[in-house]
$ cat protein-v8.cif   # mmCIF, C-alpha atoms and all ligand atoms
data_final
#
loop_
_atom_site.label_atom_id
_atom_site.label_comp_id
_atom_site.auth_asym_id
_atom_site.auth_seq_id
_atom_site.Cartn_x
_atom_site.Cartn_y
_atom_site.Cartn_z
CA MET B 216 11.37 34.89 53.01
CA ARG B 217 10.12 36.93 50.03
CA THR B 218 13.31 36.19 48.09
CA VAL B 219 12.78 32.48 48.62
CA ILE B 220 9.21 32.71 47.31
CA PHE B 221 10.39 34.66 44.27
CA ALA B 222 13.18 32.18 43.66
CA VAL B 223 10.75 29.25 43.81
CA LEU B 224 8.26 31.06 41.56
CA PHE B 225 11.02 31.88 39.07
CA PHE B 226 12.14 28.27 39.04
CA VAL B 227 8.58 27.00 38.46
CA LEU B 228 8.06 29.46 35.59
CA LEU B 229 11.37 28.35 34.10
CA LEU B 230 10.23 24.73 34.24
CA ILE B 231 7.04 25.62 32.39
CA PHE B 232 8.33 27.98 29.73
CA VAL B 233 11.73 26.60 28.75
CA PRO B 234 10.33 23.35 27.26
CA LEU B 235 7.60 25.38 25.50
CA ILE B 236 10.16 27.70 23.92
CA ILE B 237 12.46 24.85 22.90
CA GLY B 238 9.50 22.90 21.50
CA SER B 239 8.52 25.78 19.23
CA PHE B 240 11.85 25.58 17.38
CA LYS B 241 11.32 22.54 15.20
CA THR B 242 14.33 21.08 13.46
CA PRO B 243 14.28 22.53 9.96
CA LEU B 244 13.30 20.13 7.20
CA PRO B 245 16.02 19.09 4.76
CA ASN B 246 15.94 20.89 1.38
CA ASN B 247 15.44 17.62 -0.37
CA LEU B 248 12.99 15.30 1.39
CA ASP B 249 13.77 12.10 -0.50
CA VAL B 250 15.91 10.42 -3.15
CA ASP B 251 17.04 13.25 -5.42
CA ILE B 252 15.08 12.65 -8.61
CA MET B 253 12.48 14.64 -10.54
CA VAL B 254 8.97 13.35 -11.17
CA LYS B 255 6.62 14.46 -13.93
CA VAL B 256 3.17 14.76 -12.37
CA TRP B 257 0.01 15.24 -14.45
CA LEU B 258 -2.39 17.48 -12.51
CA GLU B 259 -5.91 16.30 -13.37
CA ALA B 260 -7.64 19.47 -12.18
CA GLU B 261 -5.39 21.73 -14.24
CA SER B 262 -4.85 19.40 -17.23
CA ARG B 263 -1.11 19.99 -17.26
CA ALA B 264 2.08 18.31 -16.20
CA VAL B 265 4.56 19.75 -13.71
CA ASN B 266 8.02 18.57 -12.70
CA MET B 267 8.77 18.28 -9.02
CA ARG B 268 11.09 16.48 -6.64
CA LEU B 269 10.05 13.01 -5.51
CA GLY B 270 9.86 14.14 -1.87
CA ASP B 271 7.49 17.02 -2.65
CA TYR B 272 5.31 14.69 -4.73
CA LEU B 273 5.11 12.15 -1.90
CA VAL B 274 4.06 14.77 0.66
CA GLY B 275 1.14 15.67 -1.63
CA VAL B 276 0.22 11.99 -1.99
CA VAL B 277 0.30 11.13 1.72
CA ALA B 278 -1.70 14.31 2.45
CA ALA B 279 -4.35 13.23 -0.06
CA GLU B 280 -4.50 9.58 0.97
CA MET B 281 -4.42 9.70 4.81
CA PRO B 282 -5.74 12.17 7.41
CA ALA B 283 -2.85 14.39 8.57
CA SER B 284 -4.09 14.01 12.15
CA PHE B 285 -2.98 10.35 12.13
CA ASN B 286 -0.05 9.06 14.18
CA HIS B 287 3.48 9.72 12.88
CA GLU B 288 4.25 6.00 12.38
CA ALA B 289 1.03 5.48 10.38
CA LEU B 290 1.92 8.46 8.17
CA ARG B 291 5.39 6.98 7.67
CA ALA B 292 3.85 3.63 6.62
CA GLN B 293 1.65 5.52 4.13
CA ALA B 294 4.71 7.40 2.83
CA VAL B 295 6.56 4.11 2.19
CA ALA B 296 3.47 2.66 0.43
CA ALA B 297 3.20 5.83 -1.70
CA ARG B 298 6.90 5.69 -2.62
CA THR B 299 6.60 1.98 -3.52
CA TYR B 300 3.68 2.76 -5.80
CA ALA B 301 5.55 5.66 -7.42
CA TYR B 302 8.66 3.50 -7.92
CA ARG B 303 6.64 1.07 -10.06
CA ARG B 304 5.50 3.95 -12.26
CA LEU B 305 8.62 6.12 -12.55
CA LYS B 306 10.19 5.85 -15.99
CA LEU B 307 13.60 6.65 -14.49
CA TYR B 308 13.47 3.26 -12.71
CA GLY B 309 12.03 1.45 -15.75
CA GLY B 310 8.42 1.89 -14.57
CA SER B 311 5.34 2.04 -16.77
CA GLY B 312 4.51 5.72 -16.29
CA CYS B 313 0.91 6.89 -16.12
CA GLN B 314 -0.78 5.04 -18.94
CA LYS B 315 -3.51 7.63 -19.40
CA ASN B 316 -1.39 10.78 -19.47
CA ASN B 317 2.03 11.66 -20.77
CA ALA B 318 3.71 11.72 -17.36
CA ASP B 319 5.25 9.48 -14.69
CA VAL B 320 2.14 9.67 -12.50
CA CYS B 321 -1.11 11.61 -12.37
CA SER B 322 -3.08 13.06 -9.46
CA SER B 323 -6.19 10.90 -9.96
CA PHE B 324 -6.79 8.17 -7.39
CA ARG B 325 -8.73 6.23 -10.03
CA CYS B 326 -5.71 6.06 -12.33
CA CYS B 327 -2.56 6.44 -10.19
CA GLN B 328 -2.63 7.72 -6.59
CA ALA B 329 -4.30 10.85 -5.27
CA PHE B 330 -2.13 13.96 -4.99
CA TYR B 331 -2.87 17.49 -3.70
CA THR B 332 -0.82 20.54 -4.64
CA LYS B 333 0.31 22.95 -1.89
CA GLU B 334 -2.44 25.36 -2.98
CA GLU B 335 -5.10 22.65 -2.55
CA LEU B 336 -3.68 21.72 0.86
CA LYS B 337 -3.74 25.36 2.02
CA LYS B 338 -7.45 25.47 1.18
CA ARG B 339 -8.19 22.16 2.91
CA TRP B 340 -6.10 22.65 6.03
CA GLY B 341 -6.45 26.42 6.54
CA SER B 342 -4.68 27.50 9.74
CA LYS B 343 -3.35 23.94 10.27
CA TYR B 344 -1.37 24.07 7.01
CA ASN B 345 2.13 24.64 8.48
CA GLU B 346 1.71 22.08 11.24
CA TYR B 347 0.32 19.37 8.95
CA TYR B 348 2.75 20.00 6.10
CA TYR B 349 5.68 19.74 8.49
CA LYS B 350 4.29 16.56 10.02
CA ILE B 351 3.83 14.80 6.67
CA ALA B 352 7.15 16.08 5.29
CA LYS B 353 8.78 14.49 8.37
CA ALA B 354 7.07 11.16 7.56
CA VAL B 355 8.50 11.33 4.03
CA SER B 356 12.03 12.50 4.90
CA SER B 357 12.43 10.04 7.79
CA THR B 358 11.72 7.14 5.39
CA ALA B 359 13.67 8.57 2.44
CA GLY B 360 14.25 5.91 -0.20
CA TRP B 361 12.36 3.12 1.59
CA ILE B 362 10.16 0.86 -0.52
CA ILE B 363 8.37 -2.42 0.21
CA VAL B 364 9.63 -5.50 -1.64
CA HIS B 365 8.52 -9.14 -1.86
CA ASN B 366 11.11 -11.54 -3.31
CA ASN B 367 13.12 -8.40 -3.99
CA LEU B 368 10.43 -6.92 -6.27
CA PRO B 369 8.43 -3.82 -5.32
CA ILE B 370 4.92 -4.80 -4.22
CA ASP B 371 1.55 -3.42 -5.28
CA PRO B 372 0.92 -1.56 -2.00
CA LEU B 373 -2.88 -1.67 -1.89
CA PHE B 374 -4.66 -0.03 1.01
CA HIS B 375 -8.12 1.02 2.08
CA SER B 376 -9.69 3.16 4.79
CA THR B 377 -11.17 0.63 7.24
CA CYS B 378 -11.26 -3.16 7.01
CA GLY B 379 -13.94 -3.62 9.69
CA GLY B 380 -12.15 -6.38 11.62
CA HIS B 381 -10.41 -8.51 8.99
CA THR B 382 -8.62 -7.59 5.77
CA GLU B 383 -9.47 -9.41 2.53
CA ASN B 384 -7.51 -11.83 0.31
CA SER B 385 -6.62 -10.12 -2.98
CA GLY B 386 -7.87 -13.14 -4.95
CA GLU B 387 -11.40 -12.57 -3.65
CA VAL B 388 -11.52 -9.09 -5.17
CA TRP B 389 -9.32 -9.43 -8.28
CA GLN B 390 -8.20 -12.25 -10.58
CA LYS B 391 -4.70 -12.23 -9.16
CA ASP B 392 -4.13 -13.68 -5.69
CA LEU B 393 -0.88 -12.15 -4.48
CA PRO B 394 1.03 -13.89 -1.65
CA TYR B 395 1.65 -10.63 0.24
CA LEU B 396 -2.00 -9.52 0.01
CA GLN B 397 -3.71 -12.10 2.22
CA GLY B 398 -6.35 -11.27 4.80
CA VAL B 399 -5.30 -10.71 8.41
CA GLU B 400 -7.30 -10.10 11.54
CA CYS B 401 -7.36 -6.42 12.48
CA GLU B 402 -8.77 -5.24 15.76
CA TYR B 403 -7.18 -1.82 15.43
CA CYS B 404 -9.64 0.08 13.22
CA GLN B 405 -12.56 0.16 15.64
CA ASN B 406 -12.16 3.93 16.07
CA SER B 407 -13.01 4.49 12.43
CA PRO B 408 -16.33 6.34 11.95
CA LYS B 409 -17.02 3.79 9.21
CA TYR B 410 -16.38 0.64 11.25
CA TYR B 411 -20.16 0.09 11.23
CA GLN B 412 -22.54 2.19 9.18
CA THR B 413 -26.14 1.85 8.00
CA LYS B 414 -27.72 3.00 4.78
CA GLN B 415 -31.38 2.68 3.92
CA PHE B 416 -33.40 2.68 0.73
CA THR B 417 -37.04 2.11 -0.12
CA VAL B 418 -37.39 -1.17 -2.00
CA SER B 419 -38.39 0.84 -5.11
CA GLN B 420 -35.26 3.01 -4.89
CA ALA B 421 -32.98 -0.01 -4.48
CA ALA B 422 -34.73 -1.87 -7.32
CA ALA B 423 -34.28 1.09 -9.68
CA LEU B 424 -30.58 1.39 -8.81
CA VAL B 425 -29.92 -2.34 -9.27
CA ALA B 426 -31.91 -2.41 -12.54
CA ALA B 427 -29.66 0.34 -13.92
CA ASP B 428 -26.62 -1.97 -13.64
CA GLN B 429 -25.69 -3.22 -17.13
CA SER B 430 -24.97 -6.70 -15.81
CA MET B 431 -28.48 -7.02 -14.29
CA VAL B 432 -30.96 -8.79 -16.54
CA LEU B 433 -34.06 -8.49 -14.33
CA PRO B 434 -36.37 -5.48 -14.93
CA VAL B 435 -37.37 -3.08 -12.12
CA ALA B 436 -40.82 -4.61 -11.65
CA ASN B 437 -39.30 -8.04 -11.06
CA LEU B 438 -36.62 -6.63 -8.72
CA LYS B 439 -39.21 -4.90 -6.55
CA ALA B 440 -40.59 -8.34 -5.78
CA THR B 441 -37.33 -10.31 -5.63
CA LEU B 442 -34.94 -7.88 -3.87
CA PRO B 443 -36.67 -8.14 -0.47
CA ARG B 444 -36.24 -11.92 -0.63
CA MET B 445 -32.62 -11.99 -1.85
CA SER B 446 -30.12 -14.21 -0.05
CA VAL B 447 -26.34 -14.67 0.16
CA ASN B 448 -25.24 -17.26 -2.38
CA LYS B 449 -21.52 -17.26 -1.57
CA ARG B 450 -19.24 -15.56 0.95
CA THR B 451 -15.52 -14.86 0.66
CA ALA B 452 -13.13 -16.57 3.08
CA THR B 453 -13.36 -13.47 5.29
CA ASN B 454 -17.17 -13.45 5.36
CA ARG B 455 -17.79 -10.67 2.86
CA VAL B 456 -20.60 -11.10 0.33
CA ALA B 457 -19.18 -12.61 -2.87
CA GLU B 458 -22.52 -13.47 -4.53
CA LEU B 459 -26.21 -12.88 -3.92
CA LYS B 460 -29.19 -14.79 -5.23
CA ILE B 461 -31.85 -12.37 -6.47
CA GLY B 462 -34.81 -14.31 -7.86
CA SER B 463 -33.16 -16.85 -10.15
CA ILE B 464 -30.17 -14.60 -10.80
CA VAL B 465 -26.72 -14.80 -9.20
CA TYR B 466 -25.47 -11.24 -8.64
CA LYS B 467 -22.03 -10.13 -7.45
CA GLY B 468 -21.61 -8.50 -4.03
CA VAL B 469 -19.17 -5.95 -5.52
CA ASN B 470 -21.86 -4.94 -8.02
CA LEU B 471 -24.46 -4.38 -5.31
CA ARG B 472 -21.90 -2.37 -3.34
CA SER B 473 -21.19 -0.25 -6.38
CA VAL B 474 -24.80 0.49 -7.50
CA LEU B 475 -26.05 1.21 -3.97
CA GLY B 476 -22.90 3.07 -2.91
CA LEU B 477 -22.35 0.80 0.11
CA ASN B 478 -19.13 1.25 2.10
CA SER B 479 -18.00 -2.35 1.54
CA THR B 480 -19.12 -5.84 0.55
CA TRP B 481 -19.15 -6.84 4.22
CA PHE B 482 -22.85 -6.16 4.77
CA THR B 483 -26.08 -7.51 6.19
CA TRP B 484 -29.58 -6.15 5.62
CA LYS B 485 -33.04 -6.20 7.11
CA LEU B 486 -36.48 -5.19 5.92
CA ASP B 487 -38.55 -2.60 7.70
CA GLY B 488 -41.92 -2.02 5.99
CA ASP B 489 -41.10 -0.85 2.49
CA LYS B 490 -37.52 -0.07 3.48
CA ILE B 491 -34.38 -2.14 3.15
CA ILE B 492 -31.64 -1.21 5.63
CA PHE B 493 -28.02 -2.22 5.03
CA THR B 494 -25.38 -2.36 7.75
CA THR B 495 -21.82 -2.35 6.44
CA ARG B 496 -18.54 -3.11 8.17
CA GLY B 497 -15.48 -1.12 7.13
CA TYR B 498 -14.91 1.09 4.12
CA GLY B 499 -13.16 0.09 0.90
CA HIS B 500 -12.14 -3.15 -0.82
CA GLY B 501 -10.44 -4.43 2.33
CA VAL B 502 -7.20 -5.55 0.62
CA GLY B 503 -3.74 -4.66 1.97
CA MET B 504 -3.11 -1.98 4.60
CA CYS B 505 -6.10 -0.87 6.69
CA GLN B 506 -5.39 2.84 7.27
CA TYR B 507 -7.41 3.24 10.48
CA GLY B 508 -5.84 -0.03 11.60
CA ALA B 509 -2.37 1.37 10.83
CA ASN B 510 -3.20 4.34 13.03
CA GLY B 511 -4.46 2.01 15.78
CA LEU B 512 -1.30 -0.11 15.58
CA ALA B 513 0.85 3.04 15.76
CA GLN B 514 -1.04 4.13 18.89
CA ASN B 515 -0.19 0.70 20.32
CA GLY B 516 3.53 1.26 19.78
CA TYR B 517 4.00 -0.36 16.37
CA LYS B 518 6.63 1.30 14.17
CA CYS B 519 6.32 1.97 10.45
CA GLN B 520 8.03 -1.31 9.39
CA ASP B 521 5.96 -3.38 11.87
CA ILE B 522 2.76 -1.86 10.48
CA LEU B 523 3.74 -2.61 6.88
CA LYS B 524 4.75 -6.18 7.74
CA TYR B 525 1.47 -6.69 9.58
CA TYR B 526 -0.65 -5.96 6.51
CA TYR B 527 1.74 -7.12 3.73
CA GLN B 528 2.94 -10.64 4.45
CA GLY B 529 6.54 -11.76 3.92
CA VAL B 530 7.79 -8.39 2.75
CA GLU B 531 11.04 -6.54 3.40
CA ILE B 532 11.81 -2.83 3.43
CA LYS B 533 14.59 -1.89 1.02
CA LYS B 534 16.31 1.43 0.38
CA ILE B 535 16.51 2.76 -3.17
CA SER B 536 18.81 5.46 -4.49
CA ALA B 537 18.81 7.70 -7.56
CA PRO B 538 19.72 5.78 -10.74
CA LYS B 539 23.28 6.50 -11.94
ZN ZN B 601 -2.42 8.16 -13.95
ZN ZN B 602 -8.76 -2.78 10.08
#
$ encode --input "protein-v8.cif" --output "structure tokens" --more "lines below"
Ligand SMILES: [Zn+2]
Ligand SMILES: [Zn+2]
Amino acid sequence: MRTVIFAVLFFVLLLIFVPLIIGSFKTPLPNNLDVDIMVKVWLEAESRAVNMRLGDYLVGVVAAEMPASFNHEALRAQAVAARTYAYRRLKLYGGSGCQKNNADVCSSFRCCQAFYTKEELKKRWGSKYNEYYYKIAKAVSSTAGWIIVHNNLPIDPLFHSTCGGHTENSGEVWQKDLPYLQGVECEYCQNSPKYYQTKQFTVSQAAALVAADQSMVLPVANLKATLPRMSVNKRTATNRVAELKIGSIVYKGVNLRSVLGLNSTWFTWKLDGDKIIFTTRGYGHGVGMCQYGANGLAQNGYKCQDILKYYYQGVEIKKISAPK
């Protein structure tokens, strides 16, 4: 009887521990994560350029642009977007290079795309460093060479954190209305902490901030009286605020967003005594891939290519190789 119990117990323990042990041996990453070319990266923080392999550069970009906790397929979509962006800059492929610095790309999100070095990532991730680095490196290596094309040309792979329910047409934000950057409905970013957010100011605070905008001609005293009575003059096709009427002045929604530091131009407001309270939907310009939406789609079974084709219309995924 005792032998039977021991045998059963042994078997149960085997069932528990064998998968755990096997799971802890991850397949080693390839030496070279992507197309075998070197990239000259200007590090903003250190004011110097370093040469690194494309794959290593892309890991640092994806790590800087998307939370490492996101779903594998969302990280893969971000990796393909990052590679597409890099492709348009890389001099080896006839790209423009970073126009501000003497390099292919720089680490500033304002100029090129954000990039963190391994040292920066160790500081940010702490004890999660190995797990997260491996996860993102997998997203890069499993999409090696993939870029997004429209009519066989690499696209401008714009993205933002959270659209708030509908992405925006590129023409509403910039001069150029690109066929693959049209707004789509997105019900997948509702888990974003910035899906709805409020921000409040006293009327005096808001008036001072708006008056500081170079394009604003009304003085603070006038704004204190007119701001509480402002109205929406024009909305974009996706309901974001394109223009406001403040007193007799027409003022751009993107300008108000910028001076008040609002999450997006998709906002409403209400007055409460001497306070003005804004409620925003989403975070960012709203054009292209919604990152929280990409994560939501991935959790619903969408693969990397499906996610990219959802947010960039009429595109194909193409594989590039190192130039001969
Ligand atoms: Zn740059
Ligand atoms: Zn979204």
$ residues_near_point --input "protein-v8.cif" --point "(-20.7, -16.9, -8.1)" --cutoff "10 Å" --atoms "only C-alpha atoms" --output "PyMOL selection string"
chain B and resi 448-450+457-460+465-468
$ atom_distance --input "protein-v8.cif" --atom1 "CA of Gly379 in chain B" --atom2 "CA of Thr495 in chain B"
8.6 Å
$ closest_atom_pairs --input "protein-v8.cif" --of "chain B" --to "ligand ZN 602 (chain B)" --cutoff "7 Å" --atoms "only C-alpha atoms and all ligand atoms" --output "Markdown table"
| residue | atom | partner | partner_atom | distance |
| --- | --- | --- | --- | --- |
| B:Thr377 | CA | B:ZN602 | ZN | 5.0 |
| B:Cys378 | CA | B:ZN602 | ZN | 4.0 |
| B:Gly379 | CA | B:ZN602 | ZN | 5.3 |
| B:Gly380 | CA | B:ZN602 | ZN | 5.2 |
| B:His381 | CA | B:ZN602 | ZN | 6.1 |
| B:Thr382 | CA | B:ZN602 | ZN | 6.5 |
| B:Cys401 | CA | B:ZN602 | ZN | 4.6 |
| B:Glu402 | CA | B:ZN602 | ZN | 6.2 |
| B:Tyr403 | CA | B:ZN602 | ZN | 5.7 |
| B:Cys404 | CA | B:ZN602 | ZN | 4.3 |
| B:Cys505 | CA | B:ZN602 | ZN | 4.7 |
| B:Tyr507 | CA | B:ZN602 | ZN | 6.2 |
| B:Gly508 | CA | B:ZN602 | ZN | 4.3 |
$ closest_atom_pairs --input "protein-v8.cif" --of "range 356-440 of chain B" --to "range 338-351 of chain B" --cutoff "12 Å" --atoms "all atoms listed in the file" --output "tab-separated table"
residue	atom	partner	partner_atom	distance
B:Ser356	CA	B:Ile351	CA	8.7
B:Ser357	CA	B:Ile351	CA	9.9
B:Thr358	CA	B:Ile351	CA	11.1
$ closest_residue --input "protein-v8.cif" --among "B:Lys353, B:Asn384, B:Val469, B:Trp484" --to "Ala283 in chain B" --atoms "all atoms listed in the file"
B:Lys353
$ closest_atom_pairs --input "protein-v8.cif" --of "chain B" --to "ligand ZN 601 (chain B)" --cutoff "12 Å" --atoms "only C-alpha atoms and all ligand atoms" --output "JSON lines"
{"residue": "B:Lys255", "atom": "CA", "partner": "B:ZN601", "partner_atom": "ZN", "distance": 11.0}
{"residue": "B:Val256", "atom": "CA", "partner": "B:ZN601", "partner_atom": "ZN", "distance": 8.8}
{"residue": "B:Trp257", "atom": "CA", "partner": "B:ZN601", "partner_atom": "ZN", "distance": 7.5}
{"residue": "B:Leu258", "atom": "CA", "partner": "B:ZN601", "partner_atom": "ZN", "distance": 9.4}
{"residue": "B:Glu259", "atom": "CA", "partner": "B:ZN601", "partner_atom": "ZN", "distance": 8.9}
{"residue": "B:Ser262", "atom": "CA", "partner": "B:ZN601", "partner_atom": "ZN", "distance": 12.0}
{"residue": "B:Ala264", "atom": "CA", "partner": "B:ZN601", "partner_atom": "ZN", "distance": 11.3}
{"residue": "B:Tyr300", "atom": "CA", "partner": "B:ZN601", "partner_atom": "ZN", "distance": 11.5}
{"residue": "B:Ala301", "atom": "CA", "partner": "B:ZN601", "partner_atom": "ZN", "distance": 10.6}
{"residue": "B:Arg304", "atom": "CA", "partner": "B:ZN601", "partner_atom": "ZN", "distance": 9.1}
{"residue": "B:Leu305", "atom": "CA", "partner": "B:ZN601", "partner_atom": "ZN", "distance": 11.3}
{"residue": "B:Ser311", "atom": "CA", "partner": "B:ZN601", "partner_atom": "ZN", "distance": 10.3}
{"residue": "B:Gly312", "atom": "CA", "partner": "B:ZN601", "partner_atom": "ZN", "distance": 7.7}
{"residue": "B:Cys313", "atom": "CA", "partner": "B:ZN601", "partner_atom": "ZN", "distance": 4.2}
{"residue": "B:Gln314", "atom": "CA", "partner": "B:ZN601", "partner_atom": "ZN", "distance": 6.1}
{"residue": "B:Lys315", "atom": "CA", "partner": "B:ZN601", "partner_atom": "ZN", "distance": 5.6}
{"residue": "B:Asn316", "atom": "CA", "partner": "B:ZN601", "partner_atom": "ZN", "distance": 6.2}
{"residue": "B:Asn317", "atom": "CA", "partner": "B:ZN601", "partner_atom": "ZN", "distance": 8.9}
{"residue": "B:Ala318", "atom": "CA", "partner": "B:ZN601", "partner_atom": "ZN", "distance": 7.9}
{"residue": "B:Asp319", "atom": "CA", "partner": "B:ZN601", "partner_atom": "ZN", "distance": 7.8}
{"residue": "B:Val320", "atom": "CA", "partner": "B:ZN601", "partner_atom": "ZN", "distance": 5.0}
{"residue": "B:Cys321", "atom": "CA", "partner": "B:ZN601", "partner_atom": "ZN", "distance": 4.0}
{"residue": "B:Ser322", "atom": "CA", "partner": "B:ZN601", "partner_atom": "ZN", "distance": 6.7}
{"residue": "B:Ser323", "atom": "CA", "partner": "B:ZN601", "partner_atom": "ZN", "distance": 6.1}
{"residue": "B:Phe324", "atom": "CA", "partner": "B:ZN601", "partner_atom": "ZN", "distance": 7.9}
{"residue": "B:Arg325", "atom": "CA", "partner": "B:ZN601", "partner_atom": "ZN", "distance": 7.7}
{"residue": "B:Cys326", "atom": "CA", "partner": "B:ZN601", "partner_atom": "ZN", "distance": 4.2}
{"residue": "B:Cys327", "atom": "CA", "partner": "B:ZN601", "partner_atom": "ZN", "distance": 4.1}
{"residue": "B:Gln328", "atom": "CA", "partner": "B:ZN601", "partner_atom": "ZN", "distance": 7.4}
{"residue": "B:Ala329", "atom": "CA", "partner": "B:ZN601", "partner_atom": "ZN", "distance": 9.3}
{"residue": "B:Phe330", "atom": "CA", "partner": "B:ZN601", "partner_atom": "ZN", "distance": 10.7}
$ residues_near_point --input "protein-v8.cif" --point "(-5.7, -5.0, 2.8)" --cutoff "7 Å" --atoms "all atoms listed in the file" --output "list in words"
Leu373, Phe374, His375, Thr382, Glu383, Leu396, Gly398, Gly501, Val502, Gly503, Met504, Cys505 and Tyr526 of chain B
$ atom_distance --input "protein-v8.cif" --atom1 "CA of Ser407 in chain B" --atom2 "CA of Arg496 in chain B"
10.3 Å
$ closest_residue --input "protein-v8.cif" --among "B:Arg291, B:His500, B:Arg472, B:His365" --to "Glu531 in chain B" --atoms "only C-alpha atoms"
B:His365
$ atom_distance --input "protein-v8.cif" --atom1 "CA of Leu523 in chain B" --atom2 "CA of Asn470 in chain B"
29.7 Å
$ residues_around --input "protein-v8.cif" --residues "range 412-428 of chain B" --least-positions-apart "2" --cutoff "10 Å" --atoms "all atoms listed in the file" --output "MDAnalysis selection string"
chainID B and resid 408:410 430:443 466 470:479 482:498
$ write_last_selection --input "protein-v8.cif" --atoms "C-alpha atoms" --output "mmCIF file, keeping the file's coordinate frame"
data_model
loop_
_atom_site.group_PDB
_atom_site.id
_atom_site.type_symbol
_atom_site.label_atom_id
_atom_site.label_comp_id
_atom_site.auth_asym_id
_atom_site.auth_seq_id
_atom_site.Cartn_x
_atom_site.Cartn_y
_atom_site.Cartn_z
ATOM 1 C CA PRO B 408 -16.330 6.340 11.950
ATOM 2 C CA LYS B 409 -17.020 3.790 9.210
ATOM 3 C CA TYR B 410 -16.380 0.640 11.250
ATOM 4 C CA SER B 430 -24.970 -6.700 -15.810
ATOM 5 C CA MET B 431 -28.480 -7.020 -14.290
ATOM 6 C CA VAL B 432 -30.960 -8.790 -16.540
ATOM 7 C CA LEU B 433 -34.060 -8.490 -14.330
ATOM 8 C CA PRO B 434 -36.370 -5.480 -14.930
ATOM 9 C CA VAL B 435 -37.370 -3.080 -12.120
ATOM 10 C CA ALA B 436 -40.820 -4.610 -11.650
ATOM 11 C CA ASN B 437 -39.300 -8.040 -11.060
ATOM 12 C CA LEU B 438 -36.620 -6.630 -8.720
ATOM 13 C CA LYS B 439 -39.210 -4.900 -6.550
ATOM 14 C CA ALA B 440 -40.590 -8.340 -5.780
ATOM 15 C CA THR B 441 -37.330 -10.310 -5.630
ATOM 16 C CA LEU B 442 -34.940 -7.880 -3.870
ATOM 17 C CA PRO B 443 -36.670 -8.140 -0.470
ATOM 18 C CA TYR B 466 -25.470 -11.240 -8.640
ATOM 19 C CA ASN B 470 -21.860 -4.940 -8.020
ATOM 20 C CA LEU B 471 -24.460 -4.380 -5.310
ATOM 21 C CA ARG B 472 -21.900 -2.370 -3.340
ATOM 22 C CA SER B 473 -21.190 -0.250 -6.380
ATOM 23 C CA VAL B 474 -24.800 0.490 -7.500
ATOM 24 C CA LEU B 475 -26.050 1.210 -3.970
ATOM 25 C CA GLY B 476 -22.900 3.070 -2.910
ATOM 26 C CA LEU B 477 -22.350 0.800 0.110
ATOM 27 C CA ASN B 478 -19.130 1.250 2.100
ATOM 28 C CA SER B 479 -18.000 -2.350 1.540
ATOM 29 C CA PHE B 482 -22.850 -6.160 4.770
ATOM 30 C CA THR B 483 -26.080 -7.510 6.190
ATOM 31 C CA TRP B 484 -29.580 -6.150 5.620
ATOM 32 C CA LYS B 485 -33.040 -6.200 7.110
ATOM 33 C CA LEU B 486 -36.480 -5.190 5.920
ATOM 34 C CA ASP B 487 -38.550 -2.600 7.700
ATOM 35 C CA GLY B 488 -41.920 -2.020 5.990
ATOM 36 C CA ASP B 489 -41.100 -0.850 2.490
ATOM 37 C CA LYS B 490 -37.520 -0.070 3.480
ATOM 38 C CA ILE B 491 -34.380 -2.140 3.150
ATOM 39 C CA ILE B 492 -31.640 -1.210 5.630
ATOM 40 C CA PHE B 493 -28.020 -2.220 5.030
ATOM 41 C CA THR B 494 -25.380 -2.360 7.750
ATOM 42 C CA THR B 495 -21.820 -2.350 6.440
ATOM 43 C CA ARG B 496 -18.540 -3.110 8.170
ATOM 44 C CA GLY B 497 -15.480 -1.120 7.130
ATOM 45 C CA TYR B 498 -14.910 1.090 4.120
#
$ closest_residue --input "protein-v8.cif" --among "B:Asn406, B:Ala260, B:Ala452, B:Ile370" --to "Pro394 in chain B" --atoms "all atoms listed in the file"
B:Ile370
$ closest_residue --input "protein-v8.cif" --among "B:Gln397, B:Gln405, B:Asn515, B:Ser376" --to "Pro282 in chain B" --atoms "all atoms listed in the file"
B:Ser376
$ residues_around --input "protein-v8.cif" --residues "Ala289 in chain B" --least-positions-apart "5" --cutoff "9 Å" --atoms "only C-alpha atoms" --output "number ranges by chain"
B: 281, 294, 354, 506-514, 517-519, 522
